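Written below as structure tokens is the structure these notes are about.
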Protein chains: 2
Amino acid sequence: MPIPAGLSGQLAGLLGPRGWVAAPDAAPWQRDWLDRYGEPPLGVARPASTAEVAAVMRLCHAAGVAAVPQGGNTGLCGGAVLDRPGGVILSLSRMAAIGVPDPASGAIEVEAGAVLATLHQALDGTGLMFPLHLGAEGSARIGGLIGTNAGGSHAFRYGMMGDLVLGLEVVLPDGTVWDGLRAVQKDNAGYQLRRVFVGSEGSLGIVTRAVLRLFPAPRQRASALLALPDLAAAVAFGTRLRAEAGEFLTGLEFFSDLGLDLALKHVSSVGYPLSIRGGAYVLVEVASGSDLVPLDDILGGVLEWGMEAGLVLDGALAASEAQRAAFWRLREEQPEGQRLEGPQLKHDIAVPPGRIAEFVTSAAALCEALLPGVRINPFGHLGDGNIHYNLSPPQGAADFAGTEARLALRLARLATDMGGSFAAEHGLGRSKVALADALRPPTERALMAALKRAFDPRGRLNPGVVVGQPESCP
Amino acid sequence: MPIPAGLSGQLAGLLGPRGWVAAPDAAPWQRDWLDRYGEPPLGVARPASTAEVAAVMRLCHAAGVAAVPQGGNTGLCGGAVLDRPGGVILSLSRMAAIGVPDPASGAIEVEAGAVLATLHQALDGTGLMFPLHLGAEGSARIGGLIGTNAGGSHAFRYGMMGDLVLGLEVVLPDGTVWDGLRAVQKDNAGYQLRRVFVGSEGSLGIVTRAVLRLFPAPRQRASALLALPDLAAAVAFGTRLRAEAGEFLTGLEFFSDLGLDLALKHVSSVGYPLSIRGGAYVLVEVASGSDLVPLDDILGGVLEWGMEAGLVLDGALAASEAQRAAFWRLREEQPEGQRLEGPQLKHDIAVPPGRIAEFVTSAAALCEALLPGVRINPFGHLGDGNIHYNLSPPQGAADFAGTEARLALRLARLATDMGGSFAAEHGLGRSKVALADALRPPTERALMAALKRAFDPRGRLNPGVVVGQPESCP
């Protein structure tokens, strides 16, 4: 791509010294979170308003220069950096305003650069809450969460990010602004455009503002940590729990015995509070907006049933907020424990929740055949079937002996054949586009390419994510 | 459009005598539910399989003939009939298979022609339920509910139809089949194509099968009918109710004193069970999957608070299933009461739930200015802000004196200006496309036209709905 000499100057003039970071100082924005992707940009635009985003896009459009929006840059798939030198990174971090929550409507307007944890804090004490929770919430920004249709641990009850967006404001590739800032759940006045932008990884437009759905903050909760013989027992237990306590279920997480080992080995502050080890562990959290709900009795009743049925080997209800936090750390430190063990492969799989155990069994055979002794550490979200199927090399081995791509492809195909997904909540970004192209039927590939072409005919917006380079409209 | 003489014969040969209804016998399918739209078709194709749908579309595509899918034909906006003579109506009613529900995954696969109430019945006794409920459920079919992104009375808690669809199979305008039959909540392996088809009124593709999300069936419920001074009180009461009992709220409906009058006047089996009349009425229903939840206490507590706060004038908890049904009939007979009163205008508005009373006040002034004495009967869904804002002519007047279009436009603009929608849960169909074109900003119109063009470049699929005739890709 030719880099027009004048664009950097135009952008500097437009945005001022706080708003334009020219190439030599752009290093902090260049690379993705895992340092796998990201070519040097022409510079980083840090607009302070929708009008400035629109002006940046008009200039990039006129100059024929690629642009990629960047939120907290916490994504695991490299979707928020450039695939070619000389494009513009649009950091939304200066657009971080958070509006006033409306308790009567259950909604709030926020700018795309607002950090998720800051939104959580802003709602403290209002009686309302925004129910998206994930590991990166201290850095992840609303626009990025919309762009990746983020999931997390509460999605089973409250939905994914796309389900929590009532309205959007989006700057299109040519700099025009789509004002879709509605604030109602029911809106069928045409195609569901906001749903098109959700999960599009900044490749169709740049989200600048959103109206988000809020929920009443729970007034009480109860948490339990359970040891079970295996994942099949966890699935059976989860089915019963959904039937008995589905409306309260804010968390239903699982991890493996290997994962527990790694967390205990590498993360000093983690401890195991039960007396029996199992083949699988489940963390349950229930919450209610009413003080009249006997949450402990409801959760305790299902636990008792699980023990009598032989599905639960051991379990404890959290007796304090500190104990609850300790339970959650066991689950949340799973990635950290494995990271500190050495090289790893991450796969973000979803299968129908009832088939989690079946997937894990079939996947183990598949992995063992490709790389005998590979250490398998599945953990994730039992409620929605999202498995972070992570691998460590065989004991004593330094790496995966070149099996990475084959492992990824076969695991992805297994999940897809089971009615699931190989890109559940992390998206495709740059790291999984080739995998997606290998797995997508031609019809699906053509539909996605047509959608990209319809919204971004010149292919200038975050090129290289979601779909391979589509041809322009002939 | 030229009607190719050979297409009817080709379709008859393809589909056989049960599958092809030629023009002279096509009258039962020709007109919409309200008998306002529908030109004579070449015939009605009644395919029995996805392969047959695909073959029909290939033939129509080759012949350059328009096709429109039709489900239960219960829509109120004329979206499932032809806007021009000589096209093909695709009735999906022979594709009505309902799969086996999967309790562990909370999902079921159904064909597009399955009737909603039949799906409800098929799930009876399984411990699972499909939570979409609306007046037409005895006739409405799954494909049509997906095409219109149907809402109904349970949407506040469980979502709209689009939120309940995990996967789709869709036949595209040229007869190719997109297999998007996944069964997981988390799937970000590319653009959210299933969300693009939801609410597209058959203008982008023909839905043939779907994987739907199921929920645990509640084991207990409680219902209450309340009389309140006005809608402002209803909004305040609803806000409190959401905070205290949000996770149980399966219904939060409202209607007006005029609506109650009309129902009592025209529907003989309806009775009013409270001793005081109010300015507004609210029907509350809460349900729980756990027998341990003291539902009556929770609902009773909020009622008591409402009475002490002066928000509730009178109220009753349903003491039996018969009384519960009688409460619901008061709400459900609102359309019938008004229909029997004579001419009426229906508007399907949504505003942020906290602004319902404000909308109704502003709208009343607007209507009174245009047509003094017009009788206003708003009813609908307090939880999600969906107001069926229906009008009867002034007492003694035979009609609306030519104010229909102006009323519709001004009410729609008022809703839109408040962050709402003029097409909340009924869609646009043919009846609101002109209104949509008048209200949409050019950017939004261009995006929707681009989307239509991308998926249906020749504009042969249900032409005339959602967007005006878009130009083909140059």
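Order determines the names: the first chain of the structure tokens is A, the second B, and so forth; residues in each chain are numbered 1 upward, and ligands are numbered 1 upward as they are shown.
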Could you write out, as an NGL selection string, all the residues of region 207-356 of chain A that DSSP marks as strand (DSSP E or B)?
:A and (207-213 or 215-216 or 220-228 or 249-256 or 280-288 or 314-317 or 345 or 348-350)
Alpha helix (DSSP H) call set, DSSP backbone run, region 255-348 of chain A, as a ChimeraX atom specification
/A:257-266,295-308,321-332,334-341
Go through B:Phe379, B:Tyr191, B:Trp305, B:Tyr158 one by one, measure the shortest atom-to-atom distance of each to chain A using only C-alpha atoms, and give the residue with the smallest value.
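Among B:Phe379, B:Tyr191, B:Trp305, B:Tyr158, it is B:Tyr191 that comes nearest to chain A.
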Residue contacts of region 159-164 of chain B (10 Å, only C-alpha atoms) excluding same-chain residues fewer than 6 positions away, as a ChimeraX atom specification:
/A:159,162-163,185-186,192 /B:107,130-133,142,145-153,185,194-199,210-215,384,425
Who sits within 8 Å of region 225-232 of chain A, only C-alpha atoms, same chain under 2 positions skipped, as an MDAnalysis selection string
chainID A and resid 223 234:236 274 276:284 311:318 327 356:358
Restricting the calculation to only C-alpha atoms, which member of B:Pro372, B:Gly106, B:Gly459, B:Gly300 is positioned closest to chain A?
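Closest to chain A, using only C-alpha atoms: B:Gly106.
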Counting only C-alpha atoms, which of B:Phe156, B:Trp33, B:Trp20, B:Tyr389 gets nearest to chain A?
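The shortest atom-to-atom distance to chain A comes from B:Phe156.
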Would you mind reading off the distance between CA of Gly9 (chain A) and CA of Ala27 (chain A), one decimal, in Å?
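So the answer is 18.8 Å.
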One decimal place gives the CA of Arg84 (chain B)-CA of Gly13 (chain B) separation as 24.2 Å
Non-local contacts of Gly427 (chain B) (7 Å; only C-alpha atoms; under 5 positions in same chain excluded) as a list of chain:residue names
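In the requested format, the answer is A:Asn188, A:Ala189, B:Cys77, B:Thr148.
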Atoms kept (N, CA and C atoms) for selection, written as an mmCIF file, in the first residue's frame:
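Resulting contents of selection21.cif:
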data_model
loop_
_atom_site.group_PDB
_atom_site.id
_atom_site.type_symbol
_atom_site.label_atom_id
_atom_site.label_comp_id
_atom_site.auth_asym_id
_atom_site.auth_seq_id
_atom_site.Cartn_x
_atom_site.Cartn_y
_atom_site.Cartn_z
ATOM 1 N N ASN A 188 -38.109 -3.787 15.154
ATOM 2 C CA ASN A 188 -38.069 -4.517 13.887
ATOM 3 C C ASN A 188 -38.331 -3.585 12.708
ATOM 4 N N ALA A 189 -37.846 -2.367 12.828
ATOM 5 C CA ALA A 189 -38.042 -1.396 11.750
ATOM 6 C C ALA A 189 -36.947 -1.583 10.688
ATOM 7 N N CYS B 77 -48.737 -7.082 8.911
ATOM 8 C CA CYS B 77 -48.162 -6.062 8.037
ATOM 9 C C CYS B 77 -48.069 -6.496 6.577
ATOM 10 N N THR B 148 -40.063 -12.544 11.128
ATOM 11 C CA THR B 148 -40.528 -11.263 11.683
ATOM 12 C C THR B 148 -39.867 -10.943 13.015
#
Minimum-distance residue to chain A, chosen among B:Ala80, B:Leu299, B:Val293, B:Ala112 (using only C-alpha atoms)
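The answer is B:Val293, which sits nearest to chain A.
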Could you build a table of the residues in region 182-296 of chain B lying no more than 10 Å from region 92-98 of chain B, giving for each the nearest pair of atoms and their separation in Å rounded to one decimal place, using only C-alpha atoms, ordered by chain and ascending residue number, as JSON lines?
{"residue": "B:Ile206", "atom": "CA", "partner": "B:Leu92", "partner_atom": "CA", "distance": 9.5}
{"residue": "B:Val207", "atom": "CA", "partner": "B:Leu92", "partner_atom": "CA", "distance": 9.2}
{"residue": "B:Thr208", "atom": "CA", "partner": "B:Leu92", "partner_atom": "CA", "distance": 7.7}
{"residue": "B:Arg209", "atom": "CA", "partner": "B:Met95", "partner_atom": "CA", "distance": 8.7}
For the residues selected in the previous step, produce a file with N, CA and C atoms as a compact mmCIF listing (two decimals), in the first residue's frame.
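Result file out.txt:
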# COMPACT_ATOMS: atom_id res chain seq x y z
N ILE B 206 -34.80 -18.10 2.60
CA ILE B 206 -35.98 -18.80 3.09
C ILE B 206 -35.55 -19.77 4.17
N VAL B 207 -35.98 -19.49 5.39
CA VAL B 207 -35.63 -20.33 6.53
C VAL B 207 -36.37 -21.66 6.39
N THR B 208 -35.62 -22.75 6.44
CA THR B 208 -36.25 -24.07 6.33
C THR B 208 -36.19 -24.87 7.63
N ARG B 209 -35.15 -24.68 8.42
CA ARG B 209 -35.05 -25.36 9.71
C ARG B 209 -34.35 -24.46 10.71
